[in-house]
file start-v4.tsv (TSV, C-alpha atoms and all ligand atoms)
chain	number	residue	atom	x	y	z
A	1	MET	CA	-28.80	25.99	20.45
A	2	VAL	CA	-29.87	23.10	18.23
A	3	SER	CA	-32.11	20.25	19.37
A	4	LEU	CA	-33.48	17.06	17.85
A	5	THR	CA	-36.69	15.31	18.84
A	6	LEU	CA	-38.01	11.91	17.78
A	7	GLU	CA	-41.77	11.54	17.58
A	8	ARG	CA	-42.97	7.94	17.33
A	9	VAL	CA	-40.31	7.17	14.75
A	10	GLY	CA	-40.37	3.88	12.91
A	11	ALA	CA	-38.11	2.39	10.23
A	12	GLY	CA	-37.37	-0.87	8.48
A	13	TYR	CA	-36.20	-2.53	5.32
A	14	GLY	CA	-38.93	-3.48	2.86
A	15	ARG	CA	-41.63	-5.16	4.89
A	16	ARG	CA	-39.32	-5.87	7.78
A	17	LYS	CA	-39.91	-3.44	10.64
A	18	ILE	CA	-36.85	-2.81	12.76
A	19	LEU	CA	-37.62	0.33	14.73
A	20	THR	CA	-40.99	1.09	16.28
A	21	GLU	CA	-42.47	4.09	18.08
A	22	ALA	CA	-39.16	5.69	19.07
A	23	SER	CA	-39.85	8.94	20.94
A	24	THR	CA	-37.55	11.25	22.89
A	25	PRO	CA	-37.71	14.57	24.64
A	26	PRO	CA	-35.70	17.26	22.79
A	27	ILE	CA	-32.05	16.11	22.65
A	28	ALA	CA	-30.01	19.23	23.27
A	29	GLY	CA	-26.90	20.30	21.40
A	30	GLY	CA	-23.69	21.47	23.02
A	31	MET	CA	-22.84	18.09	24.55
A	32	LEU	CA	-22.44	14.44	23.57
A	33	THR	CA	-25.35	12.01	23.48
A	34	ALA	CA	-24.69	8.27	23.39
A	35	LEU	CA	-26.80	5.73	21.53
A	36	VAL	CA	-26.34	2.31	23.14
A	37	GLY	CA	-27.75	-1.16	22.65
A	38	ALA	CA	-26.72	-4.69	21.76
A	39	ASN	CA	-25.69	-5.76	18.26
A	40	ALA	CA	-28.65	-5.55	15.86
A	41	ALA	CA	-30.70	-3.45	18.32
A	42	GLY	CA	-31.34	-0.94	15.52
A	43	LYS	CA	-28.79	1.84	16.21
A	44	SER	CA	-27.59	2.21	12.61
A	45	THR	CA	-31.18	1.90	11.40
A	46	LEU	CA	-32.18	4.79	13.67
A	47	PHE	CA	-29.26	6.86	12.34
A	48	ARG	CA	-30.28	6.13	8.73
A	49	ARG	CA	-33.84	7.14	9.54
A	50	ILE	CA	-32.73	10.43	11.15
A	51	ALA	CA	-30.35	11.10	8.25
A	52	GLY	CA	-33.21	10.66	5.76
A	53	GLN	CA	-31.75	7.53	4.15
A	54	LEU	CA	-34.73	5.42	5.28
A	55	ARG	CA	-38.36	6.31	5.39
A	56	GLY	CA	-40.78	5.34	8.11
A	57	ALA	CA	-43.51	6.35	10.51
A	58	GLY	CA	-43.38	9.35	12.81
A	59	ALA	CA	-41.25	12.47	12.59
A	60	VAL	CA	-37.72	13.65	13.25
A	61	ARG	CA	-37.86	17.30	14.33
A	62	LEU	CA	-34.82	19.54	14.12
A	63	ASN	CA	-34.93	22.82	15.97
A	64	GLY	CA	-32.33	25.43	15.01
A	65	ALA	CA	-30.89	23.40	12.13
A	66	ALA	CA	-31.94	22.14	8.71
A	67	GLN	CA	-31.52	18.67	7.23
A	68	ALA	CA	-28.66	20.10	5.12
A	69	ASP	CA	-26.77	20.82	8.39
A	70	LEU	CA	-26.73	17.12	9.26
A	71	ARG	CA	-23.78	14.75	8.70
A	72	TYR	CA	-23.89	10.99	9.27
A	73	MET	CA	-20.73	8.96	9.66
A	74	PRO	CA	-21.63	5.31	9.05
A	75	GLN	CA	-19.81	2.40	10.65
A	76	ASP	CA	-17.97	1.43	7.49
A	77	THR	CA	-16.65	4.38	5.56
A	78	GLY	CA	-15.01	3.59	2.24
A	79	MET	CA	-11.35	4.62	2.26
A	80	ASN	CA	-10.22	3.06	-0.99
A	81	ALA	CA	-10.26	6.11	-3.25
A	82	ALA	CA	-6.90	7.15	-4.69
A	83	LEU	CA	-6.85	10.41	-2.75
A	84	THR	CA	-4.64	11.88	-0.09
A	85	VAL	CA	-6.09	12.58	3.35
A	86	TYR	CA	-5.98	16.30	2.56
A	87	GLU	CA	-7.84	15.86	-0.74
A	88	SER	CA	-10.46	13.64	0.90
A	89	ILE	CA	-11.19	16.30	3.49
A	90	ILE	CA	-11.53	18.96	0.80
A	91	LEU	CA	-13.95	16.64	-1.02
A	92	ALA	CA	-15.98	16.21	2.17
A	93	LEU	CA	-16.06	19.97	2.64
A	94	LYS	CA	-17.13	20.68	-0.91
A	95	GLN	CA	-19.65	17.82	-1.13
A	96	GLY	CA	-19.37	18.01	-4.91
A	97	GLU	CA	-20.20	21.72	-5.03
A	98	GLY	CA	-18.20	24.69	-6.21
A	99	GLY	CA	-15.23	22.99	-7.88
A	100	TRP	CA	-11.81	22.57	-6.29
A	101	ARG	CA	-10.96	26.21	-5.68
A	102	LEU	CA	-10.81	26.89	-1.94
A	103	SER	CA	-11.42	30.17	-0.15
A	104	SER	CA	-9.06	31.15	2.66
A	105	GLY	CA	-11.83	30.26	5.14
A	106	GLU	CA	-12.16	26.78	3.63
A	107	LEU	CA	-8.38	26.25	3.72
A	108	ALA	CA	-8.40	27.26	7.37
A	109	ALA	CA	-11.27	24.83	8.06
A	110	VAL	CA	-9.30	21.93	6.54
A	111	ASP	CA	-6.18	22.78	8.57
A	112	GLU	CA	-8.26	23.24	11.72
A	113	VAL	CA	-9.93	19.83	11.50
A	114	LEU	CA	-6.62	18.09	10.70
A	115	GLY	CA	-5.14	19.64	13.84
A	116	ARG	CA	-8.19	19.02	16.01
A	117	PHE	CA	-8.06	15.27	15.38
A	118	GLY	CA	-4.27	14.96	15.46
A	119	ILE	CA	-3.88	13.90	11.81
A	120	ALA	CA	-2.04	16.87	10.28
A	121	HIS	CA	1.02	14.63	9.81
A	122	LEU	CA	-1.10	12.32	7.61
A	123	ALA	CA	-2.22	15.07	5.20
A	124	ASP	CA	-0.15	13.78	2.25
A	125	HIS	CA	-0.76	10.08	2.89
A	126	GLN	CA	-2.91	8.05	0.50
A	127	LEU	CA	-6.19	6.81	2.04
A	128	PRO	CA	-5.66	3.10	1.17
A	129	GLU	CA	-2.31	3.19	2.99
A	130	LEU	CA	-3.76	4.25	6.36
A	131	SER	CA	-4.11	1.97	9.37
A	132	GLY	CA	-7.60	1.18	10.69
A	133	GLY	CA	-7.37	3.72	13.50
A	134	GLN	CA	-5.96	6.38	11.17
A	135	ARG	CA	-8.85	5.79	8.76
A	136	GLN	CA	-11.32	6.25	11.57
A	137	ALA	CA	-9.75	9.55	12.68
A	138	VAL	CA	-9.81	10.77	9.05
A	139	SER	CA	-13.44	9.77	8.75
A	140	VAL	CA	-14.29	11.80	11.86
A	141	ALA	CA	-12.46	14.79	10.40
A	142	GLN	CA	-14.30	14.42	7.07
A	143	THR	CA	-17.60	14.40	8.94
A	144	LEU	CA	-16.91	17.61	10.86
A	145	VAL	CA	-14.97	19.74	8.37
A	146	ALA	CA	-18.09	21.55	7.12
A	147	ARG	CA	-19.01	22.30	10.77
A	148	PRO	CA	-22.38	20.50	10.74
A	149	ARG	CA	-24.93	21.35	13.43
A	150	VAL	CA	-26.35	17.84	13.70
A	151	VAL	CA	-23.88	14.94	13.79
A	152	LEU	CA	-24.57	11.20	13.88
A	153	MET	CA	-21.53	8.95	14.32
A	154	ASP	CA	-21.68	5.17	14.26
A	155	GLU	CA	-18.95	3.81	16.55
A	156	PRO	CA	-16.42	6.61	15.93
A	157	THR	CA	-13.81	5.16	18.32
A	158	SER	CA	-14.08	1.40	17.69
A	159	ALA	CA	-10.69	1.19	15.90
A	160	LEU	CA	-8.77	3.60	18.15
A	161	ASP	CA	-6.19	2.75	20.79
A	162	LEU	CA	-6.89	3.72	24.39
A	163	TYR	CA	-5.14	7.09	24.27
A	164	ARG	CA	-6.69	8.06	20.92
A	165	GLN	CA	-10.16	7.16	22.23
A	166	PHE	CA	-9.72	9.78	24.95
A	167	GLU	CA	-8.26	12.29	22.52
A	168	VAL	CA	-11.00	11.92	19.89
A	169	LEU	CA	-13.88	11.89	22.39
A	170	GLU	CA	-12.52	15.01	24.09
A	171	ALA	CA	-12.19	16.69	20.68
A	172	LEU	CA	-15.79	15.74	19.85
A	173	ARG	CA	-16.98	17.07	23.18
A	174	ALA	CA	-15.11	20.35	22.60
A	175	TYR	CA	-16.66	20.60	19.12
A	176	ALA	CA	-20.15	20.16	20.58
A	177	GLU	CA	-19.54	22.82	23.22
A	178	GLU	CA	-18.10	25.32	20.72
A	179	THR	CA	-20.76	24.89	18.05
A	180	GLY	CA	-23.87	23.92	20.04
A	181	ALA	CA	-24.27	20.98	17.64
A	182	VAL	CA	-26.42	17.96	18.47
A	183	MET	CA	-24.00	15.03	18.49
A	184	ILE	CA	-25.24	11.47	18.83
A	185	LEU	CA	-22.59	8.73	18.98
A	186	ALA	CA	-23.34	5.01	18.83
A	187	LEU	CA	-20.90	3.49	21.32
A	188	HIS	CA	-20.35	0.02	22.74
A	189	ASP	CA	-17.88	1.02	25.46
A	190	LEU	CA	-20.10	2.09	28.35
A	191	ASN	CA	-17.13	3.51	30.27
A	192	GLN	CA	-16.55	5.96	27.44
A	193	VAL	CA	-20.25	6.76	27.56
A	194	MET	CA	-20.19	7.42	31.32
A	195	ARG	CA	-17.08	9.56	31.03
A	196	CYS	CA	-18.03	11.69	28.03
A	197	CYS	CA	-21.74	11.62	27.25
A	198	THR	CA	-24.21	13.74	29.17
A	199	THR	CA	-27.28	12.05	27.71
A	200	THR	CA	-27.86	8.43	26.72
A	201	ILE	CA	-30.45	6.80	24.50
A	202	ALA	CA	-30.91	3.05	25.01
A	203	LEU	CA	-32.33	0.78	22.30
A	204	ALA	CA	-33.29	-2.88	22.57
A	205	GLU	CA	-34.76	-4.87	19.70
A	206	GLY	CA	-35.86	-1.74	17.87
A	207	ARG	CA	-37.51	-0.17	20.89
A	208	LEU	CA	-36.29	2.93	22.61
A	209	LEU	CA	-36.18	2.00	26.30
A	210	ALA	CA	-34.77	5.18	27.80
A	211	CYS	CA	-33.47	8.63	26.94
A	212	GLY	CA	-32.07	10.89	29.63
A	213	ASP	CA	-29.16	11.68	31.92
A	214	THR	CA	-26.48	9.05	31.34
A	215	LEU	CA	-26.01	7.95	34.94
A	216	GLU	CA	-29.76	7.70	35.44
A	217	VAL	CA	-30.21	5.64	32.26
A	218	LEU	CA	-27.23	3.27	32.67
A	219	THR	CA	-28.38	1.45	35.76
A	220	PRO	CA	-27.28	-2.15	36.42
A	221	GLU	CA	-30.90	-3.19	35.72
A	222	LEU	CA	-30.94	-1.55	32.29
A	223	ILE	CA	-27.49	-2.92	31.43
A	224	ARG	CA	-28.67	-6.41	32.35
A	225	ARG	CA	-31.72	-5.95	30.12
A	226	LEU	CA	-29.71	-4.56	27.20
A	227	TYR	CA	-26.75	-6.93	27.26
A	228	GLY	CA	-27.47	-9.77	29.70
A	229	ILE	CA	-24.50	-8.62	31.81
A	230	ASP	CA	-24.24	-8.11	35.58
A	231	SER	CA	-22.42	-4.88	36.41
A	232	ARG	CA	-22.00	-2.14	38.98
A	233	VAL	CA	-20.85	1.46	38.89
A	234	GLU	CA	-17.84	2.65	40.91
A	235	ARG	CA	-15.65	5.76	40.78
A	236	CYS	CA	-12.11	5.70	39.37
A	237	SER	CA	-9.25	7.41	41.21
A	238	ARG	CA	-10.10	10.65	39.36
A	239	GLY	CA	-13.75	10.51	40.39
A	240	CYS	CA	-15.22	9.39	37.06
A	241	PRO	CA	-17.99	6.78	37.15
A	242	MET	CA	-16.86	3.43	35.76
A	243	MET	CA	-18.82	0.33	34.95
A	244	ILE	CA	-17.35	-2.80	36.49
A	245	VAL	CA	-18.45	-5.90	34.58
A	246	ASP	CA	-19.08	-8.88	36.85
A	247	GLY	CA	-19.96	-11.24	33.97
A	248	PRO	CA	-22.95	-12.73	32.18
A	249	ALA	CA	-26.13	-12.20	34.18
A	250	ALA	CA	-26.74	-14.80	36.85
A	251	ALA	CA	-29.84	-16.86	36.08
A	301	LIG	N1	-29.93	-3.16	4.57
A	301	LIG	C1	-30.61	-3.98	5.39
A	301	LIG	N2	-31.58	-4.79	4.91
A	301	LIG	C2	-32.28	-5.62	5.73
A	301	LIG	N3	-32.08	-5.71	7.08
A	301	LIG	C3	-31.13	-4.93	7.60
A	301	LIG	C4	-30.34	-4.02	6.80
A	301	LIG	N4	-29.48	-3.38	7.61
A	301	LIG	C5	-29.70	-3.84	8.85
A	301	LIG	N5	-30.70	-4.77	8.85
A	301	LIG	C6	-31.23	-5.48	10.02
A	301	LIG	O1	-31.72	-4.52	10.94
A	301	LIG	C7	-31.46	-4.96	12.27
A	301	LIG	C8	-30.79	-3.82	13.01
A	301	LIG	O2	-29.53	-3.60	12.40
A	301	LIG	P1	-28.66	-2.31	12.76
A	301	LIG	O3	-27.50	-2.31	11.83
A	301	LIG	O4	-29.53	-1.13	12.80
A	301	LIG	O5	-28.19	-2.69	14.25
A	301	LIG	P2	-27.10	-2.00	15.19
A	301	LIG	O6	-27.76	-1.76	16.50
A	301	LIG	O7	-26.48	-0.83	14.50
A	301	LIG	O8	-26.06	-3.20	15.34
A	301	LIG	P3	-24.46	-3.27	15.60
A	301	LIG	O9	-24.20	-2.86	17.02
A	301	LIG	O10	-24.19	-4.72	15.37
A	301	LIG	O11	-23.80	-2.37	14.58
A	301	LIG	C9	-30.63	-6.23	12.17
A	301	LIG	O12	-31.47	-7.35	12.42
A	301	LIG	C10	-30.13	-6.24	10.74
A	301	LIG	O13	-30.04	-7.57	10.23
call {"tool": "encode", "arguments": {"input": "start-v4.tsv", "output": "structure tokens"}}
result
Amino acid sequence: MVSLTLERVGAGYGRRKILTEASTPPIAGGMLTALVGANAAGKSTLFRRIAGQLRGAGAVRLNGAAQADLRYMPQDTGMNAALTVYESIILALKQGEGGWRLSSGELAAVDEVLGRFGIAHLADHQLPELSGGQRQAVSVAQTLVARPRVVLMDEPTSALDLYRQFEVLEALRAYAEETGAVMILALHDLNQVMRCCTTTIALAEGRLLACGDTLEVLTPELIRRLYGIDSRVERCSRGCPMMIVDGPAAA
């Protein structure tokens, strides 16, 4: 099983420090971990630091995986290339290596990921002609086609309709369980987090406030501190915890 640990991690842009002293216990693979926090809290910056795109203080330790096993799906993925969905997934699999010839295993991997994310019917469509939600599903498929063991996804469901959010998050959870991969997803919808993510990391103004069991981390107190929102947790008719938003925090 893979795990990822942050040890006093810092990051910034030029002289501007964004992230300071972020530490976690080992974040286990095989399940989904949420990264939550308000706009500009530093979630993408933390992802870039873990992915090696930014330098900074401290250390990111991977256990059971190498940096080459990591894939980062940023918030905005370019989808303007004149490629079909199928070709774009081959490109993501090959990462510029080994030409265009595909082994039978690679062909199977492309078909598998198209099926897993419900986009097989889009295989021959041109990327620029896709809808926003279709682009996002393709981007998720591109990220996972090489079966990475460490996965960072910045808001992978923000453009999806309600049904597709369930479908994609369930597919991501199944992928984590099958592969033992560490999967950290930046998410703004805390109901999705409560339903699907075992562990949650909370960031506020570049500081890591909590990392642990989702229901223990996402207390009304922490949610008020992160977002300035009053909320409470109740169970839906199927027994899943749900966050009820009461409104902006009372003064
Ligand atoms: N390339 C950059 N150069 C300078 N500052 C940046 C850069 N990218 C982000 N920042 C700053 O870093 C801070 C954190 O931004 P970041 O994108 O990490 O936040 P976030 O938590 O992912 O936000 P959101 O939820 O809005 O996507 C912000 O103040 C932002 O202005």
call {"tool": "residues_around", "arguments": {"input": "start-v4.tsv", "residues": "segment 184-193 of chain A", "least_positions_apart": "6", "cutoff": "6 Å", "atoms": "only C-alpha atoms", "output": "PDB file with C-alpha atoms, in the frame of the given file"}}
result
ATOM      1  CA  THR A  33     -25.350  12.010  23.480  1.00  0.00           C
ATOM      2  CA  ALA A  34     -24.690   8.270  23.390  1.00  0.00           C
ATOM      3  CA  LEU A  35     -26.800   5.730  21.530  1.00  0.00           C
ATOM      4  CA  VAL A  36     -26.340   2.310  23.140  1.00  0.00           C
ATOM      5  CA  LEU A 152     -24.570  11.200  13.880  1.00  0.00           C
ATOM      6  CA  MET A 153     -21.530   8.950  14.320  1.00  0.00           C
ATOM      7  CA  ASP A 154     -21.680   5.170  14.260  1.00  0.00           C
ATOM      8  CA  GLU A 155     -18.950   3.810  16.550  1.00  0.00           C
ATOM      9  CA  MET A 242     -16.860   3.430  35.760  1.00  0.00           C
ATOM     10  CA  MET A 243     -18.820   0.330  34.950  1.00  0.00           C
TER      11      MET A 243
END
call {"tool": "atom_distance", "arguments": {"input": "start-v4.tsv", "atom1": "atom CA of Gln75 of chain A", "atom2": "atom N5 of ligand LIG 301 (chain A)"}}
result
13.2 Å
call {"tool": "atom_distance", "arguments": {"input": "start-v4.tsv", "atom1": "atom CA of Lys43 of chain A", "atom2": "atom C8 of ligand LIG 301 (chain A)"}}
result
6.8 Å
call {"tool": "residues_around", "arguments": {"input": "start-v4.tsv", "residues": "segment 16-20 of chain A", "least_positions_apart": "2", "cutoff": "8 Å", "atoms": "all atoms listed in the file", "output": "ChimeraX atom specification"}}
result
/A:8-14,22,42,45-46,205-207
call {"tool": "residues_near_point", "arguments": {"input": "start-v4.tsv", "point": "(-8.4, 21.0, 2.7)", "cutoff": "10 Å", "atoms": "all atoms listed in the file", "output": "PyMOL selection string"}}
result
chain A and resi 85-94+100+102+106-114+123+142+145
call {"tool": "closest_residue", "arguments": {"input": "start-v4.tsv", "among": "A:Ala176, A:Ala65, A:Cys197, A:Ala57", "to": "Gly212 of chain A", "atoms": "only C-alpha atoms"}}
result
A:Cys197
call {"tool": "closest_residue", "arguments": {"input": "start-v4.tsv", "among": "A:Glu7, A:Asp69, A:Asp76, A:Asp230", "to": "ligand LIG 301 (chain A)", "atoms": "only C-alpha atoms and all ligand atoms"}}
result
A:Asp76
call {"tool": "closest_residue", "arguments": {"input": "start-v4.tsv", "among": "A:Ala40, A:Val182, A:Ala59, A:Met194", "to": "Gly239 of chain A", "atoms": "all atoms listed in the file"}}
result
A:Met194
call {"tool": "closest_residue", "arguments": {"input": "start-v4.tsv", "among": "A:Ala202, A:Met79, A:Ala66, A:Cys196", "to": "ligand LIG 301 (chain A)", "atoms": "all atoms listed in the file"}}
result
A:Ala202
call {"tool": "atom_distance", "arguments": {"input": "start-v4.tsv", "atom1": "atom CA of Leu172 of chain A", "atom2": "atom CA of Leu122 of chain A"}}
result
19.4 Å
call {"tool": "closest_residue", "arguments": {"input": "start-v4.tsv", "among": "A:Val60, A:Leu203, A:Cys240, A:Ala120", "to": "ligand LIG 301 (chain A)", "atoms": "all atoms listed in the file"}}
result
A:Leu203
call {"tool": "decode", "arguments": {"input": "start-v4.tsv", "residues": "segment 42-79 of chain A", "atoms": "N, CA and C atoms", "output": "short mmCIF file (atom, residue, chain, number, x, y, z; two decimals), in the first residue's frame"}}
result
data_model
loop_
_atom_site.label_atom_id
_atom_site.label_comp_id
_atom_site.auth_asym_id
_atom_site.auth_seq_id
_atom_site.Cartn_x
_atom_site.Cartn_y
_atom_site.Cartn_z
N GLY A 42 -4.71 27.85 -0.69
CA GLY A 42 -3.40 27.26 -1.01
C GLY A 42 -3.49 25.81 -1.47
N LYS A 43 -4.68 25.34 -1.85
CA LYS A 43 -4.85 23.93 -2.24
C LYS A 43 -4.04 23.60 -3.51
N SER A 44 -4.20 24.42 -4.54
CA SER A 44 -3.45 24.15 -5.78
C SER A 44 -1.96 24.30 -5.54
N THR A 45 -1.60 25.25 -4.70
CA THR A 45 -0.17 25.46 -4.40
C THR A 45 0.40 24.22 -3.71
N LEU A 46 -0.37 23.64 -2.80
CA LEU A 46 0.09 22.41 -2.14
C LEU A 46 0.23 21.28 -3.16
N PHE A 47 -0.74 21.17 -4.07
CA PHE A 47 -0.63 20.13 -5.11
C PHE A 47 0.62 20.34 -5.95
N ARG A 48 0.88 21.60 -6.35
CA ARG A 48 2.06 21.86 -7.19
C ARG A 48 3.35 21.51 -6.44
N ARG A 49 3.33 21.78 -5.15
CA ARG A 49 4.51 21.46 -4.33
C ARG A 49 4.71 19.94 -4.25
N ILE A 50 3.62 19.21 -4.03
CA ILE A 50 3.73 17.74 -3.95
C ILE A 50 4.15 17.17 -5.30
N ALA A 51 3.62 17.76 -6.37
CA ALA A 51 3.93 17.26 -7.72
C ALA A 51 5.33 17.64 -8.19
N GLY A 52 6.04 18.46 -7.40
CA GLY A 52 7.40 18.84 -7.77
C GLY A 52 7.45 20.02 -8.72
N GLN A 53 6.32 20.71 -8.92
CA GLN A 53 6.33 21.88 -9.81
C GLN A 53 6.77 23.14 -9.08
N LEU A 54 6.72 23.12 -7.77
CA LEU A 54 7.20 24.25 -6.95
C LEU A 54 8.18 23.71 -5.93
N ARG A 55 9.16 24.53 -5.63
CA ARG A 55 10.09 24.14 -4.57
C ARG A 55 9.69 24.80 -3.28
N GLY A 56 10.27 24.32 -2.16
CA GLY A 56 9.95 24.95 -0.89
C GLY A 56 10.54 24.17 0.25
N ALA A 57 10.27 24.64 1.44
CA ALA A 57 10.83 24.02 2.65
C ALA A 57 10.18 22.66 2.88
N GLY A 58 10.84 21.87 3.75
CA GLY A 58 10.26 20.61 4.20
C GLY A 58 10.38 19.51 3.17
N ALA A 59 9.66 18.42 3.41
CA ALA A 59 9.78 17.25 2.54
C ALA A 59 8.43 16.60 2.31
N VAL A 60 8.30 16.07 1.08
CA VAL A 60 7.14 15.24 0.73
C VAL A 60 7.66 13.81 0.63
N ARG A 61 7.21 12.93 1.51
CA ARG A 61 7.71 11.55 1.49
C ARG A 61 6.68 10.62 0.88
N LEU A 62 7.13 9.86 -0.11
CA LEU A 62 6.28 8.83 -0.71
C LEU A 62 6.79 7.48 -0.24
N ASN A 63 5.87 6.66 0.22
CA ASN A 63 6.25 5.32 0.64
C ASN A 63 5.55 4.33 -0.29
N GLY A 64 6.31 3.49 -0.97
CA GLY A 64 5.70 2.50 -1.87
C GLY A 64 5.45 3.02 -3.27
N ALA A 65 5.92 4.23 -3.57
CA ALA A 65 5.75 4.79 -4.91
C ALA A 65 6.89 5.77 -5.16
N ALA A 66 7.17 6.01 -6.44
CA ALA A 66 8.20 6.99 -6.81
C ALA A 66 7.52 8.22 -7.38
N GLN A 67 8.28 9.30 -7.51
CA GLN A 67 7.72 10.54 -8.07
C GLN A 67 7.16 10.29 -9.48
N ALA A 68 7.79 9.35 -10.21
CA ALA A 68 7.31 9.05 -11.58
C ALA A 68 5.94 8.39 -11.56
N ASP A 69 5.50 7.87 -10.42
CA ASP A 69 4.17 7.23 -10.32
C ASP A 69 3.08 8.24 -10.02
N LEU A 70 3.45 9.52 -9.93
CA LEU A 70 2.48 10.55 -9.52
C LEU A 70 1.88 11.24 -10.75
N ARG A 71 0.58 11.49 -10.71
CA ARG A 71 -0.08 12.31 -11.74
C ARG A 71 -0.89 13.40 -11.07
N TYR A 72 -0.78 14.60 -11.63
CA TYR A 72 -1.48 15.78 -11.08
C TYR A 72 -2.43 16.30 -12.15
N MET A 73 -3.69 16.37 -11.81
CA MET A 73 -4.68 16.96 -12.72
C MET A 73 -5.00 18.36 -12.24
N PRO A 74 -4.50 19.39 -12.92
CA PRO A 74 -4.76 20.76 -12.46
C PRO A 74 -6.22 21.16 -12.71
N GLN A 75 -6.58 22.30 -12.16
CA GLN A 75 -7.96 22.78 -12.28
C GLN A 75 -8.33 23.04 -13.74
N ASP A 76 -7.43 23.71 -14.45
CA ASP A 76 -7.71 24.04 -15.85
C ASP A 76 -6.82 23.18 -16.73
N THR A 77 -7.43 22.23 -17.40
CA THR A 77 -6.63 21.40 -18.29
C THR A 77 -6.93 21.83 -19.72
N GLY A 78 -5.90 22.10 -20.46
CA GLY A 78 -6.08 22.56 -21.85
C GLY A 78 -6.74 21.46 -22.67
N MET A 79 -7.78 21.80 -23.39
CA MET A 79 -8.47 20.81 -24.23
C MET A 79 -8.66 21.38 -25.62
#
